[in-house]
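K.L.:
Provided below: input-v4.txt, containing compact mmCIF, N, CA and C atoms and all ligand atoms.
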# COMPACT_ATOMS: atom_id res chain seq x y z
N MET A 20 -21.02 -29.51 -15.55
CA MET A 20 -21.73 -30.74 -15.81
C MET A 20 -21.24 -31.88 -14.91
N SER A 21 -20.06 -31.67 -14.29
CA SER A 21 -19.49 -32.75 -13.47
C SER A 21 -20.04 -32.72 -12.04
N ASN A 22 -20.45 -33.89 -11.57
CA ASN A 22 -20.91 -33.98 -10.17
C ASN A 22 -19.80 -33.61 -9.20
N THR A 23 -18.57 -34.01 -9.53
CA THR A 23 -17.43 -33.73 -8.64
C THR A 23 -17.24 -32.23 -8.47
N TYR A 24 -17.27 -31.50 -9.59
CA TYR A 24 -17.09 -30.05 -9.51
C TYR A 24 -18.25 -29.39 -8.76
N GLN A 25 -19.46 -29.95 -8.96
CA GLN A 25 -20.62 -29.41 -8.23
C GLN A 25 -20.43 -29.59 -6.73
N ASP A 26 -19.91 -30.77 -6.35
CA ASP A 26 -19.68 -31.03 -4.92
C ASP A 26 -18.61 -30.07 -4.37
N TRP A 27 -17.54 -29.86 -5.16
CA TRP A 27 -16.49 -28.92 -4.72
C TRP A 27 -17.07 -27.52 -4.58
N ALA A 28 -17.91 -27.13 -5.55
CA ALA A 28 -18.51 -25.79 -5.48
C ALA A 28 -19.34 -25.66 -4.21
N ARG A 29 -20.15 -26.69 -3.92
CA ARG A 29 -21.00 -26.65 -2.72
C ARG A 29 -20.14 -26.53 -1.47
N ARG A 30 -19.07 -27.34 -1.42
CA ARG A 30 -18.18 -27.30 -0.24
C ARG A 30 -17.50 -25.94 -0.11
N ASN A 31 -17.10 -25.37 -1.25
CA ASN A 31 -16.44 -24.05 -1.20
C ASN A 31 -17.40 -22.96 -0.73
N PHE A 32 -18.67 -23.05 -1.15
CA PHE A 32 -19.66 -22.09 -0.65
C PHE A 32 -19.74 -22.21 0.87
N GLU A 33 -19.84 -23.46 1.35
CA GLU A 33 -19.98 -23.68 2.80
C GLU A 33 -18.73 -23.21 3.54
N LEU A 34 -17.55 -23.58 3.02
CA LEU A 34 -16.29 -23.21 3.70
C LEU A 34 -16.12 -21.69 3.79
N ASN A 35 -16.68 -20.98 2.80
CA ASN A 35 -16.56 -19.52 2.79
C ASN A 35 -17.75 -18.83 3.44
N GLY A 36 -18.63 -19.62 4.06
CA GLY A 36 -19.75 -19.04 4.79
C GLY A 36 -20.77 -18.38 3.88
N LEU A 37 -20.87 -18.84 2.63
CA LEU A 37 -21.84 -18.24 1.70
C LEU A 37 -23.14 -19.03 1.77
N ASP A 38 -24.24 -18.30 1.79
CA ASP A 38 -25.56 -18.90 2.02
C ASP A 38 -26.07 -19.56 0.72
N LEU A 39 -26.11 -20.89 0.72
CA LEU A 39 -26.53 -21.60 -0.50
C LEU A 39 -28.00 -21.38 -0.84
N SER A 40 -28.79 -20.93 0.13
CA SER A 40 -30.19 -20.69 -0.19
C SER A 40 -30.34 -19.43 -1.06
N ARG A 41 -29.27 -18.63 -1.15
CA ARG A 41 -29.32 -17.42 -1.99
C ARG A 41 -28.62 -17.62 -3.33
N HIS A 42 -28.14 -18.85 -3.58
CA HIS A 42 -27.44 -19.13 -4.85
C HIS A 42 -27.95 -20.43 -5.43
N GLN A 43 -27.81 -20.55 -6.74
CA GLN A 43 -28.23 -21.77 -7.42
C GLN A 43 -27.01 -22.43 -8.05
N LEU A 44 -26.85 -23.73 -7.85
CA LEU A 44 -25.82 -24.49 -8.58
C LEU A 44 -26.57 -25.32 -9.62
N ILE A 45 -26.31 -25.05 -10.87
CA ILE A 45 -27.07 -25.71 -11.94
C ILE A 45 -26.16 -26.67 -12.69
N ARG A 46 -26.61 -27.89 -12.82
CA ARG A 46 -25.84 -28.88 -13.57
C ARG A 46 -26.51 -29.05 -14.92
N ALA A 47 -25.82 -28.67 -15.99
CA ALA A 47 -26.44 -28.74 -17.32
C ALA A 47 -25.38 -28.75 -18.40
N ASP A 48 -25.77 -29.22 -19.57
CA ASP A 48 -24.92 -29.10 -20.75
C ASP A 48 -24.92 -27.62 -21.16
N VAL A 49 -23.73 -27.06 -21.29
CA VAL A 49 -23.64 -25.62 -21.54
C VAL A 49 -24.38 -25.21 -22.82
N PHE A 50 -24.40 -26.09 -23.82
CA PHE A 50 -25.08 -25.72 -25.07
C PHE A 50 -26.59 -25.57 -24.84
N GLN A 51 -27.15 -26.54 -24.11
CA GLN A 51 -28.60 -26.47 -23.83
C GLN A 51 -28.90 -25.32 -22.89
N TYR A 52 -28.06 -25.14 -21.87
CA TYR A 52 -28.32 -24.09 -20.88
C TYR A 52 -28.32 -22.71 -21.55
N LEU A 53 -27.27 -22.44 -22.34
CA LEU A 53 -27.16 -21.11 -22.95
C LEU A 53 -28.29 -20.86 -23.95
N GLU A 54 -28.63 -21.88 -24.72
CA GLU A 54 -29.71 -21.71 -25.69
C GLU A 54 -31.01 -21.33 -24.97
N GLY A 55 -31.31 -22.07 -23.88
CA GLY A 55 -32.54 -21.80 -23.12
C GLY A 55 -32.51 -20.43 -22.48
N ALA A 56 -31.36 -20.06 -21.91
CA ALA A 56 -31.26 -18.78 -21.20
C ALA A 56 -31.44 -17.62 -22.18
N VAL A 57 -30.87 -17.75 -23.39
CA VAL A 57 -31.02 -16.68 -24.39
C VAL A 57 -32.49 -16.58 -24.81
N GLN A 58 -33.11 -17.73 -25.06
CA GLN A 58 -34.54 -17.73 -25.46
C GLN A 58 -35.42 -17.09 -24.39
N GLU A 59 -35.08 -17.35 -23.12
CA GLU A 59 -35.88 -16.80 -22.01
C GLU A 59 -35.56 -15.33 -21.74
N GLY A 60 -34.54 -14.79 -22.43
CA GLY A 60 -34.18 -13.39 -22.23
C GLY A 60 -33.52 -13.12 -20.89
N ARG A 61 -32.85 -14.12 -20.35
CA ARG A 61 -32.21 -13.92 -19.04
C ARG A 61 -31.04 -12.95 -19.17
N GLN A 62 -30.74 -12.23 -18.08
CA GLN A 62 -29.63 -11.27 -18.08
C GLN A 62 -28.77 -11.47 -16.83
N PHE A 63 -27.47 -11.30 -17.01
CA PHE A 63 -26.51 -11.45 -15.91
C PHE A 63 -25.59 -10.24 -15.86
N ASP A 64 -24.91 -10.08 -14.72
CA ASP A 64 -23.90 -9.02 -14.59
C ASP A 64 -22.51 -9.55 -14.94
N LEU A 65 -22.28 -10.83 -14.60
CA LEU A 65 -20.94 -11.39 -14.73
C LEU A 65 -21.03 -12.85 -15.14
N ILE A 66 -20.24 -13.23 -16.14
CA ILE A 66 -20.16 -14.64 -16.53
C ILE A 66 -18.69 -15.04 -16.56
N VAL A 67 -18.36 -16.12 -15.88
CA VAL A 67 -17.01 -16.69 -15.94
C VAL A 67 -17.14 -18.01 -16.69
N MET A 68 -16.50 -18.08 -17.86
CA MET A 68 -16.63 -19.28 -18.69
C MET A 68 -15.26 -19.91 -18.85
N ASP A 69 -15.13 -21.11 -18.32
CA ASP A 69 -13.82 -21.77 -18.29
C ASP A 69 -13.96 -23.18 -18.87
N PRO A 70 -14.22 -23.27 -20.18
CA PRO A 70 -14.48 -24.59 -20.76
C PRO A 70 -13.22 -25.43 -20.90
N PRO A 71 -13.42 -26.76 -21.00
CA PRO A 71 -12.27 -27.62 -21.29
C PRO A 71 -11.86 -27.43 -22.75
N SER A 72 -10.65 -27.88 -23.10
CA SER A 72 -10.24 -27.79 -24.51
C SER A 72 -11.14 -28.66 -25.37
N PHE A 73 -11.48 -29.82 -24.82
CA PHE A 73 -12.29 -30.77 -25.57
C PHE A 73 -13.03 -31.64 -24.56
N SER A 74 -14.29 -31.95 -24.82
CA SER A 74 -14.96 -32.92 -23.96
C SER A 74 -16.10 -33.59 -24.70
N ASN A 75 -16.32 -34.84 -24.35
CA ASN A 75 -17.51 -35.52 -24.85
C ASN A 75 -18.01 -36.44 -23.75
N SER A 76 -19.31 -36.55 -23.70
CA SER A 76 -19.92 -37.35 -22.66
C SER A 76 -21.32 -37.72 -23.15
N LYS A 77 -21.83 -38.84 -22.63
CA LYS A 77 -23.18 -39.27 -23.04
C LYS A 77 -24.22 -38.23 -22.64
N LYS A 78 -23.89 -37.42 -21.60
CA LYS A 78 -24.85 -36.42 -21.12
C LYS A 78 -24.97 -35.24 -22.09
N MET A 79 -24.00 -35.15 -23.03
CA MET A 79 -23.98 -33.99 -23.92
C MET A 79 -24.59 -34.32 -25.28
N ARG A 80 -25.17 -33.28 -25.89
CA ARG A 80 -25.76 -33.43 -27.21
C ARG A 80 -24.65 -33.62 -28.26
N ASP A 81 -23.53 -32.93 -28.05
CA ASP A 81 -22.46 -32.92 -29.04
C ASP A 81 -21.14 -32.81 -28.28
N VAL A 82 -20.03 -33.04 -28.95
CA VAL A 82 -18.75 -32.83 -28.28
C VAL A 82 -18.52 -31.32 -28.13
N LEU A 83 -17.71 -30.96 -27.14
CA LEU A 83 -17.32 -29.56 -27.00
C LEU A 83 -15.86 -29.46 -27.44
N ASP A 84 -15.61 -28.59 -28.41
CA ASP A 84 -14.26 -28.36 -28.93
C ASP A 84 -14.08 -26.85 -28.84
N VAL A 85 -13.23 -26.41 -27.91
CA VAL A 85 -13.20 -24.97 -27.61
C VAL A 85 -12.78 -24.14 -28.82
N GLN A 86 -11.88 -24.66 -29.65
CA GLN A 86 -11.49 -23.88 -30.83
C GLN A 86 -12.67 -23.74 -31.79
N ARG A 87 -13.36 -24.84 -32.03
CA ARG A 87 -14.50 -24.81 -32.96
C ARG A 87 -15.68 -24.03 -32.38
N ASP A 88 -15.93 -24.21 -31.07
CA ASP A 88 -17.18 -23.73 -30.47
C ASP A 88 -17.09 -22.38 -29.76
N HIS A 89 -15.89 -21.77 -29.70
CA HIS A 89 -15.80 -20.57 -28.86
C HIS A 89 -16.64 -19.41 -29.38
N LEU A 90 -16.84 -19.31 -30.70
CA LEU A 90 -17.69 -18.23 -31.23
C LEU A 90 -19.11 -18.38 -30.71
N TRP A 91 -19.64 -19.60 -30.82
CA TRP A 91 -21.01 -19.87 -30.37
C TRP A 91 -21.12 -19.60 -28.87
N LEU A 92 -20.17 -20.11 -28.11
CA LEU A 92 -20.23 -19.96 -26.65
C LEU A 92 -20.15 -18.49 -26.24
N ILE A 93 -19.23 -17.75 -26.85
CA ILE A 93 -19.05 -16.34 -26.48
C ILE A 93 -20.24 -15.50 -26.95
N ASP A 94 -20.73 -15.73 -28.17
CA ASP A 94 -21.90 -14.97 -28.65
C ASP A 94 -23.10 -15.21 -27.75
N HIS A 95 -23.33 -16.45 -27.35
CA HIS A 95 -24.48 -16.74 -26.50
C HIS A 95 -24.30 -16.14 -25.11
N ALA A 96 -23.09 -16.23 -24.57
CA ALA A 96 -22.85 -15.62 -23.25
C ALA A 96 -23.05 -14.10 -23.34
N MET A 97 -22.58 -13.49 -24.43
CA MET A 97 -22.70 -12.03 -24.55
C MET A 97 -24.15 -11.60 -24.71
N ALA A 98 -25.00 -12.49 -25.25
CA ALA A 98 -26.42 -12.17 -25.37
C ALA A 98 -27.08 -12.10 -23.99
N LEU A 99 -26.42 -12.66 -22.99
CA LEU A 99 -26.97 -12.64 -21.62
C LEU A 99 -26.44 -11.46 -20.81
N LEU A 100 -25.59 -10.64 -21.43
CA LEU A 100 -24.98 -9.50 -20.73
C LEU A 100 -25.33 -8.22 -21.47
N ALA A 101 -25.86 -7.23 -20.76
CA ALA A 101 -26.07 -5.93 -21.40
C ALA A 101 -24.83 -5.09 -21.16
N SER A 102 -24.59 -4.74 -19.90
CA SER A 102 -23.40 -3.93 -19.59
C SER A 102 -22.40 -4.72 -18.75
N GLY A 103 -22.63 -6.01 -18.63
CA GLY A 103 -21.77 -6.83 -17.77
C GLY A 103 -20.51 -7.31 -18.47
N THR A 104 -19.81 -8.22 -17.81
CA THR A 104 -18.50 -8.69 -18.29
C THR A 104 -18.46 -10.21 -18.36
N LEU A 105 -17.85 -10.68 -19.43
CA LEU A 105 -17.57 -12.11 -19.58
C LEU A 105 -16.06 -12.32 -19.43
N TYR A 106 -15.69 -13.23 -18.53
CA TYR A 106 -14.29 -13.69 -18.49
C TYR A 106 -14.28 -15.06 -19.14
N PHE A 107 -13.49 -15.18 -20.22
CA PHE A 107 -13.44 -16.44 -20.97
C PHE A 107 -12.00 -16.95 -20.95
N SER A 108 -11.82 -18.17 -20.43
CA SER A 108 -10.46 -18.70 -20.37
C SER A 108 -10.41 -20.12 -20.92
N ASN A 109 -9.23 -20.52 -21.30
CA ASN A 109 -9.02 -21.93 -21.67
C ASN A 109 -7.52 -22.22 -21.60
N ASN A 110 -7.21 -23.50 -21.69
CA ASN A 110 -5.81 -23.91 -21.60
C ASN A 110 -5.40 -24.73 -22.82
N LEU A 111 -5.88 -24.29 -23.98
CA LEU A 111 -5.50 -24.97 -25.23
C LEU A 111 -4.33 -24.21 -25.85
N ARG A 112 -3.17 -24.86 -25.89
CA ARG A 112 -1.95 -24.18 -26.35
C ARG A 112 -2.12 -23.51 -27.72
N SER A 113 -2.82 -24.20 -28.63
CA SER A 113 -2.92 -23.70 -30.01
C SER A 113 -4.13 -22.77 -30.21
N PHE A 114 -4.83 -22.40 -29.12
CA PHE A 114 -6.07 -21.63 -29.27
C PHE A 114 -5.84 -20.27 -29.94
N VAL A 115 -6.71 -19.95 -30.90
CA VAL A 115 -6.66 -18.63 -31.55
C VAL A 115 -8.07 -18.04 -31.48
N LEU A 116 -8.17 -16.84 -30.90
CA LEU A 116 -9.46 -16.16 -30.81
C LEU A 116 -9.87 -15.70 -32.21
N ASP A 117 -11.10 -16.01 -32.60
CA ASP A 117 -11.58 -15.63 -33.94
C ASP A 117 -11.60 -14.10 -34.09
N ASN A 118 -11.06 -13.62 -35.21
CA ASN A 118 -10.96 -12.17 -35.45
C ASN A 118 -12.30 -11.47 -35.44
N ARG A 119 -13.37 -12.20 -35.83
CA ARG A 119 -14.70 -11.58 -35.87
C ARG A 119 -15.10 -11.05 -34.49
N LEU A 120 -14.65 -11.76 -33.45
CA LEU A 120 -14.99 -11.35 -32.07
C LEU A 120 -14.36 -10.00 -31.74
N LEU A 121 -13.16 -9.77 -32.28
CA LEU A 121 -12.47 -8.50 -32.01
C LEU A 121 -13.22 -7.34 -32.65
N ASP A 122 -13.91 -7.60 -33.77
CA ASP A 122 -14.73 -6.55 -34.40
C ASP A 122 -16.00 -6.30 -33.60
N ASP A 123 -16.57 -7.37 -33.06
CA ASP A 123 -17.90 -7.25 -32.44
C ASP A 123 -17.88 -6.79 -30.99
N TYR A 124 -16.82 -7.11 -30.25
CA TYR A 124 -16.79 -6.84 -28.81
C TYR A 124 -15.51 -6.10 -28.40
N ALA A 125 -15.55 -5.50 -27.20
CA ALA A 125 -14.34 -4.91 -26.61
C ALA A 125 -13.65 -6.03 -25.83
N ILE A 126 -12.46 -6.42 -26.30
CA ILE A 126 -11.79 -7.59 -25.72
C ILE A 126 -10.39 -7.24 -25.25
N GLN A 127 -10.10 -7.61 -24.01
CA GLN A 127 -8.75 -7.43 -23.47
C GLN A 127 -8.17 -8.81 -23.17
N ASP A 128 -6.94 -9.03 -23.60
CA ASP A 128 -6.25 -10.28 -23.25
C ASP A 128 -5.61 -10.07 -21.88
N ILE A 129 -6.12 -10.79 -20.87
CA ILE A 129 -5.60 -10.62 -19.50
C ILE A 129 -4.90 -11.90 -19.03
N SER A 130 -4.39 -12.68 -20.00
CA SER A 130 -3.77 -13.97 -19.66
C SER A 130 -2.66 -13.81 -18.62
N ASN A 131 -1.81 -12.80 -18.81
CA ASN A 131 -0.68 -12.65 -17.88
C ASN A 131 -1.12 -12.33 -16.47
N GLN A 132 -2.24 -11.63 -16.34
CA GLN A 132 -2.73 -11.26 -15.00
C GLN A 132 -3.47 -12.41 -14.33
N SER A 133 -3.98 -13.34 -15.12
CA SER A 133 -4.87 -14.34 -14.53
C SER A 133 -4.22 -15.70 -14.32
N VAL A 134 -3.02 -15.90 -14.86
CA VAL A 134 -2.39 -17.21 -14.69
C VAL A 134 -1.78 -17.31 -13.29
N PRO A 135 -2.08 -18.38 -12.54
CA PRO A 135 -1.49 -18.51 -11.21
C PRO A 135 0.02 -18.68 -11.29
N GLU A 136 0.74 -18.19 -10.26
CA GLU A 136 2.21 -18.22 -10.29
C GLU A 136 2.77 -19.63 -10.41
N ASP A 137 2.03 -20.60 -9.83
CA ASP A 137 2.57 -21.97 -9.83
C ASP A 137 1.96 -22.83 -10.95
N PHE A 138 1.31 -22.17 -11.92
CA PHE A 138 0.69 -22.95 -13.00
C PHE A 138 1.77 -23.68 -13.79
N ARG A 139 1.49 -24.95 -14.12
CA ARG A 139 2.54 -25.80 -14.68
C ARG A 139 3.10 -25.27 -16.00
N ASN A 140 2.26 -24.63 -16.80
CA ASN A 140 2.76 -24.12 -18.08
C ASN A 140 2.05 -22.81 -18.40
N ARG A 141 2.72 -21.70 -18.11
CA ARG A 141 2.09 -20.39 -18.27
C ARG A 141 1.68 -20.13 -19.72
N LYS A 142 2.38 -20.76 -20.67
CA LYS A 142 2.13 -20.43 -22.08
C LYS A 142 0.79 -20.96 -22.58
N ILE A 143 0.24 -22.00 -21.94
CA ILE A 143 -0.99 -22.56 -22.50
C ILE A 143 -2.24 -21.86 -21.99
N HIS A 144 -2.09 -21.03 -20.94
CA HIS A 144 -3.27 -20.38 -20.37
C HIS A 144 -3.63 -19.13 -21.17
N GLN A 145 -4.93 -19.00 -21.46
CA GLN A 145 -5.40 -17.79 -22.16
C GLN A 145 -6.66 -17.31 -21.47
N CYS A 146 -6.73 -16.01 -21.23
CA CYS A 146 -7.92 -15.47 -20.57
C CYS A 146 -8.26 -14.10 -21.16
N TYR A 147 -9.52 -13.89 -21.42
CA TYR A 147 -9.98 -12.64 -22.05
C TYR A 147 -11.10 -12.02 -21.24
N ARG A 148 -11.05 -10.69 -21.16
CA ARG A 148 -12.14 -9.92 -20.54
C ARG A 148 -12.94 -9.33 -21.70
N ILE A 149 -14.24 -9.68 -21.76
CA ILE A 149 -15.04 -9.33 -22.94
C ILE A 149 -16.28 -8.53 -22.52
N GLN A 150 -16.47 -7.38 -23.19
CA GLN A 150 -17.66 -6.56 -22.92
C GLN A 150 -18.24 -6.09 -24.26
N HIS A 151 -19.48 -5.64 -24.21
CA HIS A 151 -20.04 -5.02 -25.40
C HIS A 151 -19.34 -3.69 -25.62
N LYS A 152 -19.10 -3.33 -26.88
CA LYS A 152 -18.46 -2.05 -27.17
C LYS A 152 -19.33 -0.93 -26.62
N GLY A 153 -18.72 0.01 -25.93
CA GLY A 153 -19.44 1.15 -25.38
C GLY A 153 -20.16 0.84 -24.07
N ALA A 154 -20.03 -0.39 -23.58
CA ALA A 154 -20.73 -0.75 -22.32
C ALA A 154 -20.00 -0.18 -21.11
C1 LIG A 201 -11.58 -26.46 -17.01
S1 LIG A 201 -12.90 -27.19 -16.08
C2 LIG A 201 -13.54 -25.84 -15.15
C3 LIG A 201 -12.74 -25.61 -13.91
C4 LIG A 201 -13.35 -24.60 -12.94
N1 LIG A 201 -13.43 -23.28 -13.55
C5 LIG A 201 -12.51 -24.54 -11.67
O1 LIG A 201 -11.72 -23.60 -11.51
O2 LIG A 201 -12.64 -25.45 -10.85
C6 LIG A 201 -14.11 -27.45 -17.33
C7 LIG A 201 -15.45 -27.97 -16.81
O3 LIG A 201 -16.39 -28.00 -17.88
C8 LIG A 201 -17.25 -29.11 -17.70
N2 LIG A 201 -17.86 -29.41 -19.01
C9 LIG A 201 -17.35 -30.08 -20.05
N3 LIG A 201 -18.22 -30.11 -21.07
C10 LIG A 201 -19.34 -29.45 -20.65
C11 LIG A 201 -20.61 -29.17 -21.23
N4 LIG A 201 -20.91 -29.54 -22.47
N5 LIG A 201 -21.51 -28.49 -20.50
C12 LIG A 201 -21.23 -28.09 -19.23
N6 LIG A 201 -20.04 -28.32 -18.63
C13 LIG A 201 -19.12 -29.00 -19.33
C14 LIG A 201 -16.35 -30.19 -17.16
O4 LIG A 201 -17.11 -31.15 -16.46
C15 LIG A 201 -15.43 -29.38 -16.21
O5 LIG A 201 -16.00 -29.32 -14.93
Turn the structure described in the file into structure tokens.
P.N.:
Amino acid sequence: MSNTYQDWARRNFELNGLDLSRHQLIRADVFQYLEGAVQEGRQFDLIVMDPPSFSNSKKMRDVLDVQRDHLWLIDHAMALLASGTLYFSNNLRSFVLDNRLLDDYAIQDISNQSVPEDFRNRKIHQCYRIQHKGA
């Protein structure tokens, strides 16, 4: 949703020689985007979801609270994947993944593999690889 991050993304595509005419950069509130994409029946191979711990902005319908909202976000992202993979990360020290997700999906905690070596506090980073069971 941030213009700054969109600009960085555009610059990174250019710096890496990736053709922007073959990719879309979409600026949207994640709640509205995911709801629309699920309704339209869109499908993806890979989703990387890296939400902030908390955010609010006039551009958003509601505040985003990753502890409160992660079930909704993950369920909606998983509805867009048939056999693909969701990588879900956050940096909320107190974050606890809801147990219901462990029943519904095949989930691997890959936090140790995904935290950069120079990250200021390795303990707050959490990252999960999520797929449909049997996918
Ligand atoms: C932790 S950062 C993502 C960092 C990014 N993965 C990277 O490596 O550069 C979280 C991002 O979520 C965006 N954000 C916050 N609330 C949002 C919302 N409701 N919808 C869409 N994006 C949102 C913020 O603007 C910020 O760019």
K.L.:
Report, in Å with one decimal, the straight-line distance from atom N of Tyr24 in chain A to atom N of Asp69 in chain A.
P.N.:
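Atom-to-atom, atom N of Tyr24 in chain A to atom N of Asp69 in chain A, that is 13.7 Å.
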K.L.:
Let me have all residues with an atom within 6.5 Å of ligand LIG 201 (chain A), counting all atoms listed in the file, laid out as a PyMOL selection string.
P.N.:
chain A and resi 20-21+24+47-50+69-75+79+82-83
K.L.:
Going by DSSP on the backbone, which residues of range 52-114 of chain A come out as helix (DSSP H, G or I)? List them as a list in words.
P.N.:
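Of range 52-114 of chain A, the ones in helix (DSSP H, G or I) are Tyr52, Leu53, Glu54, Gly55, Ala56, Val57, Gln58, Val85, Gln86, Arg87, Asp88, His89, Leu90, Trp91, Leu92, Ile93, Asp94, His95, Ala96, Met97 and Ala98 of chain A.
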K.L.:
Do a neighbour search on range 56-58 of chain A at 12 Å with only C-alpha atoms, toss out local chain neighbours closer than 4 positions, and write the hits as a PyMOL selection string.
P.N.:
chain A and resi 47+49-52+62-63+92+94-100
K.L.:
Considering only N, CA and C atoms, state which residue in the set A:Pro135, A:Ile93, A:Asn22, A:Lys142 is at the smallest distance from Ser113 in chain A.
P.N.:
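Using only N, CA and C atoms, the shortest distance to Ser113 in chain A belongs to A:Lys142.
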K.L.:
Nearest to Leu120 in chain A: which of A:Phe138, A:Tyr106, A:Trp91, A:Phe32 is it, counting only C-alpha atoms?
P.N.:
A:Trp91
K.L.:
Within 9 Å of Gln25 in chain A, counting only C-alpha atoms, which residues show up once you throw out same-chain ones fewer than 4 positions away? Write them as a CSV table (one decimal) with N, CA and C atoms, in the coordinates of the input, please.
P.N.:
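Result saved to around.csv:
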chain,number,residue,atom,x,y,z
A,20,MET,N,-21.0,-29.5,-15.6
A,20,MET,CA,-21.7,-30.7,-15.8
A,20,MET,C,-21.2,-31.9,-14.9
A,21,SER,N,-20.1,-31.7,-14.3
A,21,SER,CA,-19.5,-32.8,-13.5
A,21,SER,C,-20.0,-32.7,-12.0
A,29,ARG,N,-20.2,-26.7,-3.9
A,29,ARG,CA,-21.0,-26.6,-2.7
A,29,ARG,C,-20.1,-26.5,-1.5
A,30,ARG,N,-19.1,-27.3,-1.4
A,30,ARG,CA,-18.2,-27.3,-0.2
A,30,ARG,C,-17.5,-25.9,-0.1
A,44,LEU,N,-26.8,-23.7,-7.8
A,44,LEU,CA,-25.8,-24.5,-8.6
A,44,LEU,C,-26.6,-25.3,-9.6
A,45,ILE,N,-26.3,-25.0,-10.9
A,45,ILE,CA,-27.1,-25.7,-11.9
A,45,ILE,C,-26.2,-26.7,-12.7
A,46,ARG,N,-26.6,-27.9,-12.8
A,46,ARG,CA,-25.8,-28.9,-13.6
A,46,ARG,C,-26.5,-29.0,-14.9
K.L.:
Record the distance separating atom N of Ser130 in chain A and atom C of Thr104 in chain A, expressed in Å with one decimal.
P.N.:
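Value for the atom N of Ser130 in chain A-atom C of Thr104 in chain A distance: 14.4 Å.
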K.L.:
Restricting the calculation to all atoms listed in the file: of A:Leu53, A:Ile143, A:Leu105, A:Val85, which residue gets closest to Ile66 in chain A?
P.N.:
A:Leu105
K.L.:
Within 6 Å of (-22.6, -2.1, -20.1) (file coordinates; only C-alpha atoms), which protein or nucleic acid residues are there? I'd like them as a PDB file with N, CA and C atoms, in the frame of the given file.
P.N.:
ATOM      1  N   ALA A 101     -25.860  -7.230 -20.760  1.00  0.00           N
ATOM      2  CA  ALA A 101     -26.070  -5.930 -21.400  1.00  0.00           C
ATOM      3  C   ALA A 101     -24.830  -5.090 -21.160  1.00  0.00           C
ATOM      4  N   SER A 102     -24.590  -4.740 -19.900  1.00  0.00           N
ATOM      5  CA  SER A 102     -23.400  -3.930 -19.590  1.00  0.00           C
ATOM      6  C   SER A 102     -22.400  -4.720 -18.750  1.00  0.00           C
ATOM      7  N   GLY A 103     -22.630  -6.010 -18.630  1.00  0.00           N
ATOM      8  CA  GLY A 103     -21.770  -6.830 -17.770  1.00  0.00           C
ATOM      9  C   GLY A 103     -20.510  -7.310 -18.470  1.00  0.00           C
ATOM     10  N   ALA A 154     -20.030  -0.390 -23.580  1.00  0.00           N
ATOM     11  CA  ALA A 154     -20.730  -0.750 -22.320  1.00  0.00           C
ATOM     12  C   ALA A 154     -20.000  -0.180 -21.110  1.00  0.00           C
TER      13      ALA A 154
END
K.L.:
Give the centre and edge lengths of an axis-aligned box, in Å to one decimal, that holds all listed atoms of range 124-140 of chain A with 6 Å on each side, as lines of an AutoDock Vina configuration file.
P.N.:
center_x = -6.9
center_y = -15.4
center_z = -20.0
size_x = 31.9
size_y = 32.9
size_z = 32.4
K.L.:
Go through A:Met68, A:Leu37, A:Ile126, A:Arg148 and flag the residue nearest Asn109 in chain A, using all atoms listed in the file for the distances.
P.N.:
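That would be A:Met68, the residue with the smallest distance to Asn109 in chain A.
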